[in-house]
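Heads up, structure34.tsv below (TSV, C-alpha atoms and all ligand atoms):
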chain	number	residue	atom	x	y	z
A	1	MET	CA	103.95	35.45	69.83
A	2	ALA	CA	101.21	36.43	67.34
A	3	LYS	CA	99.91	39.99	67.58
A	4	ARG	CA	96.38	40.12	68.98
A	5	ILE	CA	93.63	42.07	67.21
A	6	LEU	CA	90.01	42.71	68.22
A	7	ILE	CA	87.56	43.07	65.30
A	8	THR	CA	84.09	44.36	66.21
A	9	GLY	CA	81.23	43.66	63.82
A	10	ALA	CA	83.02	40.38	63.06
A	11	ALA	CA	79.85	38.53	62.01
A	12	GLY	CA	78.93	41.23	59.51
A	13	PHE	CA	79.89	41.60	55.88
A	14	LEU	CA	83.10	43.66	56.14
A	15	GLY	CA	84.06	42.43	59.62
A	16	SER	CA	84.04	38.78	58.54
A	17	HIS	CA	86.28	39.49	55.53
A	18	LEU	CA	88.67	41.40	57.79
A	19	CYS	CA	88.73	38.43	60.20
A	20	ASP	CA	89.69	36.18	57.26
A	21	ARG	CA	92.49	38.50	56.24
A	22	PHE	CA	94.02	38.85	59.70
A	23	VAL	CA	93.66	35.14	60.49
A	24	ASN	CA	95.46	34.37	57.20
A	25	GLU	CA	98.21	36.87	58.05
A	26	GLY	CA	98.90	34.95	61.29
A	27	PHE	CA	97.35	37.36	63.81
A	28	HIS	CA	95.39	36.09	66.81
A	29	VAL	CA	91.92	37.43	65.98
A	30	ILE	CA	89.22	38.09	68.57
A	31	GLY	CA	85.90	38.60	66.78
A	32	MET	CA	83.11	40.41	68.62
A	33	ASP	CA	79.48	40.87	67.57
A	34	ASN	CA	75.95	40.93	68.99
A	35	PHE	CA	74.39	39.69	65.70
A	36	ILE	CA	71.99	42.61	65.43
A	37	THR	CA	72.56	42.79	61.66
A	38	GLY	CA	75.22	40.08	61.28
A	39	ASP	CA	75.04	36.31	61.00
A	40	GLU	CA	77.00	33.45	62.55
A	41	ILE	CA	77.19	31.85	59.10
A	42	ASN	CA	79.74	34.51	58.09
A	43	ILE	CA	82.31	33.27	60.60
A	44	GLU	CA	81.46	29.59	61.00
A	45	HIS	CA	84.49	28.63	58.85
A	46	LEU	CA	86.76	30.42	61.37
A	47	VAL	CA	85.33	28.96	64.56
A	48	GLY	CA	87.67	26.26	65.87
A	49	LEU	CA	90.83	27.71	64.29
A	50	PRO	CA	93.60	28.09	66.90
A	51	ASN	CA	94.09	31.78	66.09
A	52	PHE	CA	90.42	32.80	66.13
A	53	GLU	CA	88.10	33.31	69.07
A	54	PHE	CA	84.65	34.82	69.19
A	55	ILE	CA	82.92	36.81	71.92
A	56	LYS	CA	79.21	37.56	71.67
A	57	HIS	CA	78.89	41.03	73.10
A	58	ASP	CA	77.19	44.37	72.55
A	59	VAL	CA	80.00	46.94	72.34
A	60	THR	CA	77.78	49.69	73.73
A	61	GLU	CA	78.33	47.89	77.06
A	62	PHE	CA	81.78	47.93	78.74
A	63	VAL	CA	84.20	45.82	76.66
A	64	LYS	CA	86.56	43.55	78.56
A	65	ILE	CA	89.43	41.67	76.92
A	66	GLU	CA	91.85	39.51	78.91
A	67	GLY	CA	95.57	39.74	78.16
A	68	ASP	CA	97.47	41.76	75.59
A	69	LEU	CA	95.81	43.54	72.73
A	70	HIS	CA	97.78	45.25	69.95
A	71	TYR	CA	95.13	46.39	67.46
A	72	ILE	CA	91.39	47.12	67.33
A	73	LEU	CA	89.25	47.43	64.20
A	74	HIS	CA	85.90	48.95	65.15
A	75	PHE	CA	83.45	47.84	62.45
A	76	ALA	CA	80.33	47.20	64.53
A	77	SER	CA	77.40	49.29	63.26
A	78	PRO	CA	74.32	48.81	61.16
A	79	ALA	CA	75.34	49.93	57.67
A	80	SER	CA	72.31	49.59	55.43
A	81	PRO	CA	69.97	52.63	55.31
A	82	ILE	CA	66.99	50.39	56.04
A	83	ASP	CA	68.76	48.73	58.99
A	84	TYR	CA	69.62	52.01	60.60
A	85	LEU	CA	66.14	53.36	60.08
A	86	LYS	CA	64.74	50.27	61.80
A	87	ILE	CA	67.19	50.46	64.74
A	88	PRO	CA	68.05	54.16	64.99
A	89	ILE	CA	68.90	54.27	68.69
A	90	GLN	CA	71.22	51.24	68.49
A	91	THR	CA	72.91	52.90	65.48
A	92	LEU	CA	73.53	56.10	67.43
A	93	LYS	CA	74.75	54.14	70.45
A	94	VAL	CA	77.21	51.90	68.64
A	95	GLY	CA	78.83	54.88	66.89
A	96	SER	CA	79.03	56.94	70.09
A	97	LEU	CA	79.02	54.81	73.27
A	98	GLY	CA	80.50	51.80	71.45
A	99	THR	CA	83.33	53.88	70.00
A	100	HIS	CA	83.97	55.46	73.41
A	101	ASN	CA	84.27	51.99	75.00
A	102	LEU	CA	86.68	50.80	72.32
A	103	LEU	CA	88.83	53.92	72.54
A	104	GLY	CA	88.99	53.37	76.31
A	105	LEU	CA	90.02	49.77	75.72
A	106	ALA	CA	92.68	50.86	73.20
A	107	LYS	CA	94.05	53.34	75.73
A	108	ALA	CA	94.11	50.76	78.55
A	109	LYS	CA	95.90	48.22	76.35
A	110	ASP	CA	98.11	50.70	74.47
A	111	ALA	CA	96.63	49.34	71.25
A	112	ARG	CA	96.25	51.03	67.86
A	113	ILE	CA	92.62	51.49	66.78
A	114	LEU	CA	91.13	51.95	63.31
A	115	ILE	CA	87.52	53.03	63.06
A	116	ALA	CA	85.15	52.36	60.16
A	117	SER	CA	83.87	55.75	59.10
A	118	THR	CA	81.90	56.29	55.93
A	119	SER	CA	81.23	58.41	52.87
A	120	GLU	CA	77.98	59.30	54.68
A	121	VAL	CA	79.94	61.86	56.72
A	122	TYR	CA	79.82	63.90	53.48
A	123	GLY	CA	75.99	63.61	53.50
A	124	ASP	CA	74.46	64.76	50.21
A	125	PRO	CA	77.76	66.20	49.00
A	126	LEU	CA	78.11	69.56	47.32
A	127	VAL	CA	81.72	68.80	46.36
A	128	HIS	CA	82.30	66.14	43.73
A	129	PRO	CA	84.23	63.85	43.82
A	130	GLN	CA	84.55	63.92	47.60
A	131	THR	CA	87.95	64.82	49.03
A	132	GLU	CA	88.87	64.29	52.67
A	133	ASP	CA	88.99	68.03	53.36
A	134	TYR	CA	85.30	68.49	52.47
A	135	TYR	CA	83.22	69.00	55.65
A	136	GLY	CA	80.03	67.54	54.25
A	137	ASN	CA	76.35	68.40	53.97
A	138	VAL	CA	74.38	66.38	56.51
A	139	ASN	CA	70.82	66.89	57.75
A	140	THR	CA	71.22	66.26	61.49
A	141	ILE	CA	67.51	65.60	62.04
A	142	GLY	CA	66.72	63.66	58.87
A	143	PRO	CA	66.17	59.88	58.97
A	144	ARG	CA	69.75	59.18	57.86
A	145	GLY	CA	71.10	61.58	60.51
A	146	VAL	CA	71.23	58.74	63.05
A	147	TYR	CA	73.96	57.03	61.07
A	148	ASP	CA	75.71	60.07	59.63
A	149	GLU	CA	75.94	61.95	62.91
A	150	ALA	CA	77.00	58.83	64.86
A	151	LYS	CA	79.84	58.40	62.38
A	152	ARG	CA	80.78	62.09	62.53
A	153	PHE	CA	80.85	61.91	66.33
A	154	GLN	CA	82.93	58.73	66.01
A	155	GLU	CA	85.54	60.62	63.98
A	156	SER	CA	85.54	63.53	66.49
A	157	ILE	CA	85.99	61.40	69.59
A	158	THR	CA	88.67	59.36	67.85
A	159	MET	CA	90.65	62.51	67.04
A	160	ALA	CA	90.13	63.74	70.63
A	161	TYR	CA	91.64	60.50	72.00
A	162	HIS	CA	94.52	60.92	69.59
A	163	ARG	CA	95.14	64.57	70.48
A	164	PHE	CA	94.43	64.39	74.21
A	165	HIS	CA	95.74	60.92	75.09
A	166	GLY	CA	98.24	60.41	72.27
A	167	LEU	CA	96.38	57.27	71.20
A	168	GLU	CA	97.39	55.65	67.89
A	169	THR	CA	94.26	56.10	65.76
A	170	ARG	CA	93.29	55.58	62.11
A	171	ILE	CA	90.10	56.64	60.31
A	172	ALA	CA	88.91	54.89	57.14
A	173	ARG	CA	86.14	56.67	55.22
A	174	ILE	CA	84.64	53.71	53.46
A	175	PHE	CA	82.58	54.17	50.28
A	176	ASN	CA	79.93	51.67	49.07
A	177	THR	CA	81.52	48.24	49.27
A	178	TYR	CA	79.99	44.96	48.08
A	179	GLY	CA	80.70	41.27	47.75
A	180	PRO	CA	79.85	37.83	49.13
A	181	ARG	CA	78.30	37.71	52.64
A	182	MET	CA	76.20	40.83	52.28
A	183	ARG	CA	72.80	40.01	53.71
A	184	LEU	CA	70.62	39.30	50.71
A	185	ASN	CA	67.69	41.25	52.14
A	186	ASP	CA	69.46	44.08	53.93
A	187	GLY	CA	67.94	46.60	51.51
A	188	ARG	CA	71.22	47.86	50.05
A	189	VAL	CA	71.07	48.28	46.31
A	190	ILE	CA	73.34	45.41	45.22
A	191	PRO	CA	71.74	42.61	47.26
A	192	ALA	CA	68.33	44.18	46.52
A	193	PHE	CA	68.80	44.08	42.73
A	194	MET	CA	70.49	40.68	42.74
A	195	GLY	CA	67.80	39.17	44.97
A	196	GLN	CA	65.11	40.61	42.72
A	197	ALA	CA	66.84	39.22	39.62
A	198	LEU	CA	67.12	35.76	41.20
A	199	ARG	CA	63.47	35.72	42.31
A	200	GLY	CA	62.27	36.93	38.92
A	201	GLU	CA	60.93	40.21	40.34
A	202	ASN	CA	61.10	43.68	38.85
A	203	LEU	CA	64.06	45.82	39.92
A	204	THR	CA	63.11	48.71	42.22
A	205	VAL	CA	64.91	51.93	41.31
A	206	PHE	CA	64.35	54.70	43.85
A	207	GLY	CA	63.68	58.15	42.39
A	208	ASP	CA	64.50	58.49	38.68
A	209	GLY	CA	67.75	56.57	39.15
A	210	SER	CA	69.96	59.53	38.21
A	211	GLN	CA	71.66	59.46	41.63
A	212	THR	CA	75.13	57.95	41.46
A	213	ARG	CA	77.24	55.58	43.54
A	214	SER	CA	80.76	54.14	43.09
A	215	PHE	CA	81.06	50.49	44.12
A	216	CYS	CA	84.19	48.89	45.54
A	217	TYR	CA	84.76	45.12	45.64
A	218	VAL	CA	85.36	43.83	49.17
A	219	ASP	CA	88.88	42.42	48.58
A	220	ASP	CA	90.08	45.84	47.40
A	221	GLU	CA	88.46	47.52	50.41
A	222	VAL	CA	90.09	45.08	52.83
A	223	GLU	CA	93.49	45.69	51.25
A	224	GLY	CA	93.07	49.47	51.64
A	225	ILE	CA	92.04	49.12	55.29
A	226	TYR	CA	94.93	46.76	55.98
A	227	ARG	CA	97.43	49.22	54.53
A	228	LEU	CA	95.87	52.16	56.38
A	229	LEU	CA	96.13	50.36	59.73
A	230	PHE	CA	99.88	49.93	59.24
A	231	SER	CA	100.47	53.44	57.87
A	232	ASP	CA	101.51	56.45	59.98
A	233	TYR	CA	98.58	58.65	58.99
A	234	VAL	CA	96.01	59.70	61.63
A	235	TYR	CA	93.58	61.80	59.57
A	236	PRO	CA	90.66	60.34	57.59
A	237	VAL	CA	91.43	58.53	54.34
A	238	ASN	CA	88.83	57.72	51.64
A	239	ILE	CA	88.88	54.04	50.71
A	240	GLY	CA	86.64	53.20	47.78
A	241	ASN	CA	86.44	52.71	44.04
A	242	PRO	CA	85.99	55.92	41.98
A	243	ASP	CA	84.19	54.10	39.15
A	244	GLU	CA	80.87	55.98	39.33
A	245	ILE	CA	77.55	54.89	37.81
A	246	SER	CA	73.95	56.07	38.00
A	247	ILE	CA	71.57	53.70	39.79
A	248	LEU	CA	69.41	53.45	36.64
A	249	ASP	CA	72.37	52.40	34.47
A	250	PHE	CA	73.42	50.02	37.22
A	251	ALA	CA	69.96	48.37	37.23
A	252	LYS	CA	70.26	47.91	33.44
A	253	GLU	CA	73.72	46.38	33.92
A	254	ILE	CA	72.34	43.88	36.44
A	255	ILE	CA	69.53	42.88	34.09
A	256	SER	CA	71.97	42.26	31.26
A	257	MET	CA	74.50	40.47	33.50
A	258	THR	CA	71.88	38.13	34.92
A	259	ASN	CA	70.41	37.57	31.47
A	260	THR	CA	66.86	38.03	32.70
A	261	ASP	CA	63.96	39.98	31.30
A	262	GLN	CA	62.84	41.86	34.38
A	263	LYS	CA	61.46	45.34	34.12
A	264	ILE	CA	62.64	48.34	36.08
A	265	ILE	CA	60.01	49.94	38.31
A	266	PHE	CA	60.40	53.29	40.02
A	267	LYS	CA	59.69	54.01	43.71
A	268	ASP	CA	59.94	57.16	45.82
A	269	LEU	CA	63.45	58.42	46.50
A	270	PRO	CA	64.29	58.07	50.21
A	271	VAL	CA	64.64	61.34	52.13
A	272	ASN	CA	68.16	62.84	51.92
A	273	ASP	CA	69.36	60.09	49.58
A	274	PRO	CA	72.69	61.48	48.32
A	275	ILE	CA	72.45	62.57	44.68
A	276	GLN	CA	76.07	61.85	43.86
A	277	ARG	CA	78.90	59.93	45.46
A	278	GLN	CA	82.42	59.28	44.23
A	279	PRO	CA	85.58	59.03	46.30
A	280	ASP	CA	88.63	61.06	45.43
A	281	ILE	CA	91.34	58.52	46.30
A	282	THR	CA	94.40	60.65	45.50
A	283	LEU	CA	95.42	60.55	49.17
A	284	ALA	CA	95.09	56.76	49.53
A	285	LYS	CA	97.09	56.25	46.32
A	286	LYS	CA	99.90	58.47	47.59
A	287	LEU	CA	99.97	57.35	51.23
A	288	LEU	CA	99.19	53.68	50.88
A	289	ASP	CA	100.25	52.97	47.30
A	290	TRP	CA	96.76	51.50	46.98
A	291	GLU	CA	94.03	51.56	44.40
A	292	PRO	CA	91.20	49.15	43.57
A	293	LYS	CA	92.09	46.34	41.17
A	294	ILE	CA	88.79	44.51	40.69
A	295	GLY	CA	86.42	46.12	38.19
A	296	ARG	CA	82.65	46.16	38.51
A	297	THR	CA	82.03	43.45	35.92
A	298	GLU	CA	84.30	40.95	37.66
A	299	GLY	CA	83.21	41.88	41.20
A	300	MET	CA	79.50	41.73	40.33
A	301	ARG	CA	79.94	38.35	38.67
A	302	ILE	CA	81.59	36.89	41.80
A	303	THR	CA	78.90	38.44	44.01
A	304	PHE	CA	76.04	37.23	41.83
A	305	ASN	CA	77.45	33.69	41.82
A	306	TYR	CA	77.60	33.85	45.62
A	307	PHE	CA	73.95	34.91	45.92
A	308	LYS	CA	72.96	32.26	43.38
A	309	SER	CA	74.63	29.57	45.50
A	310	LEU	CA	72.59	30.41	48.63
A	311	PRO	CA	69.82	28.03	49.76
A	312	ARG	CA	66.40	29.02	48.38
A	313	GLU	CA	64.99	29.78	51.83
A	314	ARG	CA	67.55	32.58	52.24
A	315	LEU	CA	66.57	33.98	48.86
A	316	TYR	CA	62.94	34.20	49.91
A	317	LYS	CA	63.53	35.40	53.48
A	318	LYS	CA	62.11	38.89	53.20
A	319	GLU	CA	62.96	41.23	56.01
A	320	HIS	CA	61.95	44.46	54.43
A	321	LYS	CA	58.51	44.03	52.97
A	322	ASP	CA	57.82	47.70	52.53
A	323	PHE	CA	59.97	50.75	52.26
A	324	SER	CA	57.64	53.16	54.02
A	325	THR	CA	60.02	53.80	56.93
A	326	HIS	CA	62.66	54.56	54.36
A	327	ILE	CA	60.82	57.49	52.86
A	328	LYS	CA	59.24	58.94	56.00
A	329	ARG	CA	60.44	62.39	56.97
A	401	LIG	P1	77.00	44.68	58.55
A	401	LIG	O1	75.64	45.08	59.04
A	401	LIG	O2	77.10	43.51	57.64
A	401	LIG	O3	77.98	44.40	59.78
A	401	LIG	C1	77.92	45.13	60.96
A	401	LIG	C2	78.12	44.16	62.12
A	401	LIG	O4	78.15	44.90	63.35
A	401	LIG	C3	76.98	43.15	62.25
A	401	LIG	O5	77.48	41.84	62.33
A	401	LIG	C4	76.26	43.57	63.53
A	401	LIG	O6	75.63	42.49	64.18
A	401	LIG	C5	77.40	44.18	64.32
A	401	LIG	N1	76.96	45.12	65.36
A	401	LIG	C6	76.13	46.19	65.22
A	401	LIG	N2	75.96	46.80	66.41
A	401	LIG	C7	76.70	46.11	67.31
A	401	LIG	C8	76.93	46.26	68.70
A	401	LIG	N3	76.35	47.24	69.42
A	401	LIG	N4	77.76	45.40	69.32
A	401	LIG	C9	78.36	44.40	68.63
A	401	LIG	N5	78.17	44.20	67.31
A	401	LIG	C10	77.34	45.05	66.66
A	401	LIG	O7	77.62	45.97	57.85
A	401	LIG	P2	78.97	46.13	57.01
A	401	LIG	O8	78.60	46.53	55.63
A	401	LIG	O9	79.84	44.97	57.22
A	401	LIG	O10	79.61	47.42	57.71
A	401	LIG	C11	80.64	47.27	58.69
A	401	LIG	C12	81.17	48.64	59.08
A	401	LIG	O11	81.69	49.32	57.93
A	401	LIG	C13	80.12	49.55	59.70
A	401	LIG	O12	80.72	50.29	60.74
A	401	LIG	C14	79.75	50.48	58.57
A	401	LIG	O13	79.31	51.74	59.02
A	401	LIG	C15	81.07	50.58	57.81
A	401	LIG	N6	80.86	50.91	56.40
A	401	LIG	C16	80.44	49.96	55.51
A	401	LIG	C17	80.22	50.31	54.19
A	401	LIG	C18	79.80	49.29	53.17
A	401	LIG	O14	79.58	49.68	52.01
A	401	LIG	N7	79.69	48.04	53.46
A	401	LIG	C19	80.40	51.64	53.78
A	401	LIG	C20	80.80	52.58	54.72
A	401	LIG	C21	81.05	52.22	56.03
A	402	LIG	N1	68.37	52.01	45.73
A	402	LIG	C1	67.46	51.72	44.72
A	402	LIG	N2	66.72	50.56	44.82
A	402	LIG	C2	66.85	49.70	45.86
A	402	LIG	C3	67.78	49.99	46.88
A	402	LIG	C4	68.53	51.16	46.79
A	402	LIG	O1	67.32	52.48	43.74
A	402	LIG	O2	66.12	48.67	45.87
A	402	LIG	C5	69.18	53.24	45.62
A	402	LIG	C6	69.19	54.13	46.86
A	402	LIG	O3	68.09	55.02	46.85
A	402	LIG	C7	70.51	54.85	46.71
A	402	LIG	C8	71.41	53.80	46.03
A	402	LIG	O4	70.53	52.84	45.46
A	402	LIG	O5	70.39	55.95	45.83
A	402	LIG	C9	72.36	53.10	47.00
A	402	LIG	O6	71.60	52.66	48.10
A	402	LIG	P1	72.17	51.75	49.27
A	402	LIG	O7	71.02	51.43	50.16
A	402	LIG	O8	72.90	50.61	48.69
A	402	LIG	O9	73.23	52.62	50.07
A	402	LIG	P2	73.58	54.17	50.22
A	402	LIG	O10	74.67	54.41	49.25
A	402	LIG	O11	72.38	55.03	49.94
A	402	LIG	O12	74.02	54.26	51.62
Go ahead and render the structure in this file as structure tokens.
Amino acid sequence: MAKRILITGAAGFLGSHLCDRFVNEGFHVIGMDNFITGDEINIEHLVGLPNFEFIKHDVTEFVKIEGDLHYILHFASPASPIDYLKIPIQTLKVGSLGTHNLLGLAKAKDARILIASTSEVYGDPLVHPQTEDYYGNVNTIGPRGVYDEAKRFQESITMAYHRFHGLETRIARIFNTYGPRMRLNDGRVIPAFMGQALRGENLTVFGDGSQTRSFCYVDDEVEGIYRLLFSDYVYPVNIGNPDEISILDFAKEIISMTNTDQKIIFKDLPVNDPIQRQPDITLAKKLLDWEPKIGRTEGMRITFNYFKSLPRERLYKKEHKDFSTHIKR
């Protein structure tokens, strides 16, 4: 009998890639999503397979699964800064109430649960690169606080279920991940720059572009998460690519990769936008014998080709016409 795994956020970017991986490994995958930031298109290739089923459901409501369940991956949550500024209450609820429901389900089914935490638990970090033992620097009441604090609560309640109920738990601290199936207009920097390049628009760099990020290709991220789920380690583990770049240099890279002659224009830096971000992955290397294999040039090329292949109406579907909510205090 195939092991049964529930993946929340299945119609999103990371969730859909995880569904692919577990379906291919022979698990029986139950995908769950309410489509608040996801899209059915991301899982349409899985629908109809004998080892995939989909349940449309909001995980902040009681989650009911019939029969055995061996694993849960809780990936439901808005993940783009603009998404979580647009739907702040839902973001807080999915990290708190949603996580509580899924921990309860894991306990009832005696299942192992891995939660998708984030580098945002480090806030605007004062330690660089970020190690797992750094407690972070988060503004609880800032606009990003809705996401950061929901994720910090998620880690706390997960550890409480582990300590109090003996539940098998895993915590992945995911750093900026990219690849095919990101929503072209979700506002995150990679789809934003690639969409702008494809539409012939100027690239919008926020602030002076000196802030840094370290981008991990989705296949590497999925491999790290897969290995963490089957490891014995209950404390948080950073999963990301340490190859750090400033946003300004990254914009220049995109212009040269896409062979276009767009200009770079500068906009206000969003409030509490982290100045630097780079995972220290010493722990993941040691515990999981894992490190990223796909470099930025290769990963960006695959991702750009994906965006290029999308129908034109998706390229021009603009969800975020202005960034004013993004910079409001
Ligand atoms: P995404 O927006 O593409 O996917 C999230 C999915 O969750 C969407 O399909 C959305 O509809 C679904 N969802 C949201 N609230 C829900 C609810 N209440 N009930 C059911 N479904 C709900 O985002 P993503 O980039 O795939 O991120 C997935 C997870 O990974 C999130 O938990 C995010 O915090 C975490 N993460 C992602 C990154 C990254 O760089 N992609 C970095 C750190 C952490
Ligand atoms: N950014 C930018 N232009 C854009 C979108 C984002 O300069 O059009 C910057 C943003 O201010 C941040 C970085 O790119 O410094 C990464 O932003 P993203 O939204 O991808 O995610 P974050 O890492 O901030 O969660």
Would you list the contacts of A:Ile5 as a PDB file with C-alpha atoms, keeping the file's coordinate frame, taking every protein, DNA or RNA residue within 8 Å and counting only C-alpha atoms, but skipping same-chain residues closer than 4 positions in sequence?
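Full text of out-v3.pdb as output:
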ATOM      1  CA  PHE A  27      97.350  37.360  63.810  1.00  0.00           C
ATOM      2  CA  HIS A  28      95.390  36.090  66.810  1.00  0.00           C
ATOM      3  CA  VAL A  29      91.920  37.430  65.980  1.00  0.00           C
ATOM      4  CA  ILE A  30      89.220  38.090  68.570  1.00  0.00           C
ATOM      5  CA  LEU A  69      95.810  43.540  72.730  1.00  0.00           C
ATOM      6  CA  HIS A  70      97.780  45.250  69.950  1.00  0.00           C
ATOM      7  CA  TYR A  71      95.130  46.390  67.460  1.00  0.00           C
ATOM      8  CA  ILE A  72      91.390  47.120  67.330  1.00  0.00           C
ATOM      9  CA  LEU A  73      89.250  47.430  64.200  1.00  0.00           C
TER      10      LEU A  73
END
Exercise answer, 6 Å around ligand LIG 402 (chain A) with only C-alpha atoms and all ligand atoms, as a count of residues only: 15
Between A:Met1, A:Ile171, A:Leu288, A:Ile264, which is the closest to A:Ser231 once you count only C-alpha atoms?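 Nearest to A:Ser231: A:Leu288.
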Interatomic distance (Å, one decimal) between atom CA of A:Ile190 and atom N7 of ligand LIG 401 (chain A):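 One can read the atom CA of A:Ile190 to atom N7 of ligand LIG 401 (chain A) distance as 10.7 Å.
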Which is closest to ligand LIG 401 (chain A) among A:Glu61, A:Glu66, A:Glu44, A:Asp20, if we use all atoms listed in the file?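 With all atoms listed in the file as the atom set, the closest residue is A:Glu61.
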Counting only C-alpha atoms, which residues of stretch 227-313 of chain A fall within 8 Å of stretch 109-126 of chain A, and what is the closest atom pair for each with its distance in Å at one decimal, ordered by chain and rising number, as a tab-separated table?
residue	atom	partner	partner_atom	distance
A:Leu229	CA	A:Leu114	CA	6.4
A:Asn238	CA	A:Ser119	CA	7.7
A:Asn272	CA	A:Asp124	CA	6.8
A:Asp273	CA	A:Asp124	CA	6.9
A:Pro274	CA	A:Asp124	CA	4.2
A:Ile275	CA	A:Asp124	CA	6.3
A:Gln276	CA	A:Pro125	CA	6.9
A:Arg277	CA	A:Pro125	CA	7.3
A:Pro279	CA	A:Ser119	CA	7.9
Nearest-residue call for A:Leu184, choices A:Leu14, A:Ile302, A:Val23, A:Leu315, using only C-alpha atoms: A:Leu315
Point out the residue among A:Ser214, A:Asn24, A:Thr37, A:Ser77 with the least atom-to-atom distance to A:Thr8, counting all atoms listed in the file.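 Using all atoms listed in the file, A:Thr8 sits closest to A:Ser77.
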Between atom CA of A:Phe54 and atom CA of A:Asp39, measure the distance and give it in Å to one decimal.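 According to the coordinates, atom CA of A:Phe54 and atom CA of A:Asp39 are separated by 12.7 Å.
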What are the closest atom pairs, with distances in Å to one decimal, for all residues of chain A lying within 6 Å of ligand LIG 401 (chain A)? Consider only C-alpha atoms and all ligand atoms, order rows by chain and residue number, and present the result as JSON lines.
{"residue": "A:Gly9", "atom": "CA", "partner": "A:LIG401", "partner_atom": "O4", "distance": 3.4}
{"residue": "A:Ala10", "atom": "CA", "partner": "A:LIG401", "partner_atom": "O5", "distance": 5.8}
{"residue": "A:Ala11", "atom": "CA", "partner": "A:LIG401", "partner_atom": "O5", "distance": 4.1}
{"residue": "A:Gly12", "atom": "CA", "partner": "A:LIG401", "partner_atom": "O5", "distance": 3.2}
{"residue": "A:Phe13", "atom": "CA", "partner": "A:LIG401", "partner_atom": "O9", "distance": 3.6}
{"residue": "A:Leu14", "atom": "CA", "partner": "A:LIG401", "partner_atom": "O9", "distance": 3.7}
{"residue": "A:Gly15", "atom": "CA", "partner": "A:LIG401", "partner_atom": "O9", "distance": 5.5}
{"residue": "A:Asp33", "atom": "CA", "partner": "A:LIG401", "partner_atom": "N5", "distance": 3.6}
{"residue": "A:Asn34", "atom": "CA", "partner": "A:LIG401", "partner_atom": "C9", "distance": 4.2}
{"residue": "A:Phe35", "atom": "CA", "partner": "A:LIG401", "partner_atom": "O6", "distance": 3.4}
{"residue": "A:Ile36", "atom": "CA", "partner": "A:LIG401", "partner_atom": "O6", "distance": 3.9}
{"residue": "A:Thr37", "atom": "CA", "partner": "A:LIG401", "partner_atom": "O6", "distance": 4.0}
{"residue": "A:Gly38", "atom": "CA", "partner": "A:LIG401", "partner_atom": "O5", "distance": 3.1}
{"residue": "A:His57", "atom": "CA", "partner": "A:LIG401", "partner_atom": "C9", "distance": 5.6}
{"residue": "A:Asp58", "atom": "CA", "partner": "A:LIG401", "partner_atom": "N4", "distance": 3.4}
{"residue": "A:Val59", "atom": "CA", "partner": "A:LIG401", "partner_atom": "N4", "distance": 4.1}
{"residue": "A:Thr60", "atom": "CA", "partner": "A:LIG401", "partner_atom": "N3", "distance": 5.2}
{"residue": "A:Phe75", "atom": "CA", "partner": "A:LIG401", "partner_atom": "O12", "distance": 4.0}
{"residue": "A:Ala76", "atom": "CA", "partner": "A:LIG401", "partner_atom": "O4", "distance": 3.4}
{"residue": "A:Ser77", "atom": "CA", "partner": "A:LIG401", "partner_atom": "C6", "distance": 3.9}
{"residue": "A:Pro78", "atom": "CA", "partner": "A:LIG401", "partner_atom": "O1", "distance": 4.5}
{"residue": "A:Ala79", "atom": "CA", "partner": "A:LIG401", "partner_atom": "C14", "distance": 4.5}
{"residue": "A:Val94", "atom": "CA", "partner": "A:LIG401", "partner_atom": "N3", "distance": 4.8}
{"residue": "A:Ala116", "atom": "CA", "partner": "A:LIG401", "partner_atom": "O12", "distance": 4.9}
{"residue": "A:Ser117", "atom": "CA", "partner": "A:LIG401", "partner_atom": "C21", "distance": 5.5}
{"residue": "A:Thr118", "atom": "CA", "partner": "A:LIG401", "partner_atom": "C20", "distance": 4.1}
{"residue": "A:Ile174", "atom": "CA", "partner": "A:LIG401", "partner_atom": "C20", "distance": 4.2}
{"residue": "A:Phe175", "atom": "CA", "partner": "A:LIG401", "partner_atom": "C19", "distance": 4.8}
{"residue": "A:Asn176", "atom": "CA", "partner": "A:LIG401", "partner_atom": "O14", "distance": 3.6}
{"residue": "A:Thr177", "atom": "CA", "partner": "A:LIG401", "partner_atom": "O14", "distance": 3.7}
For atom CA of A:Leu18 and atom CA of A:Trp290, determine how far apart the two atoms are, in Å to one decimal place.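 Interatomic distance, atom CA of A:Leu18 to atom CA of A:Trp290: 16.9 Å.
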Residue nearest A:Thr140 among A:His100, A:Phe153, A:Ile82, A:Phe62 (counting only C-alpha atoms): A:Phe153
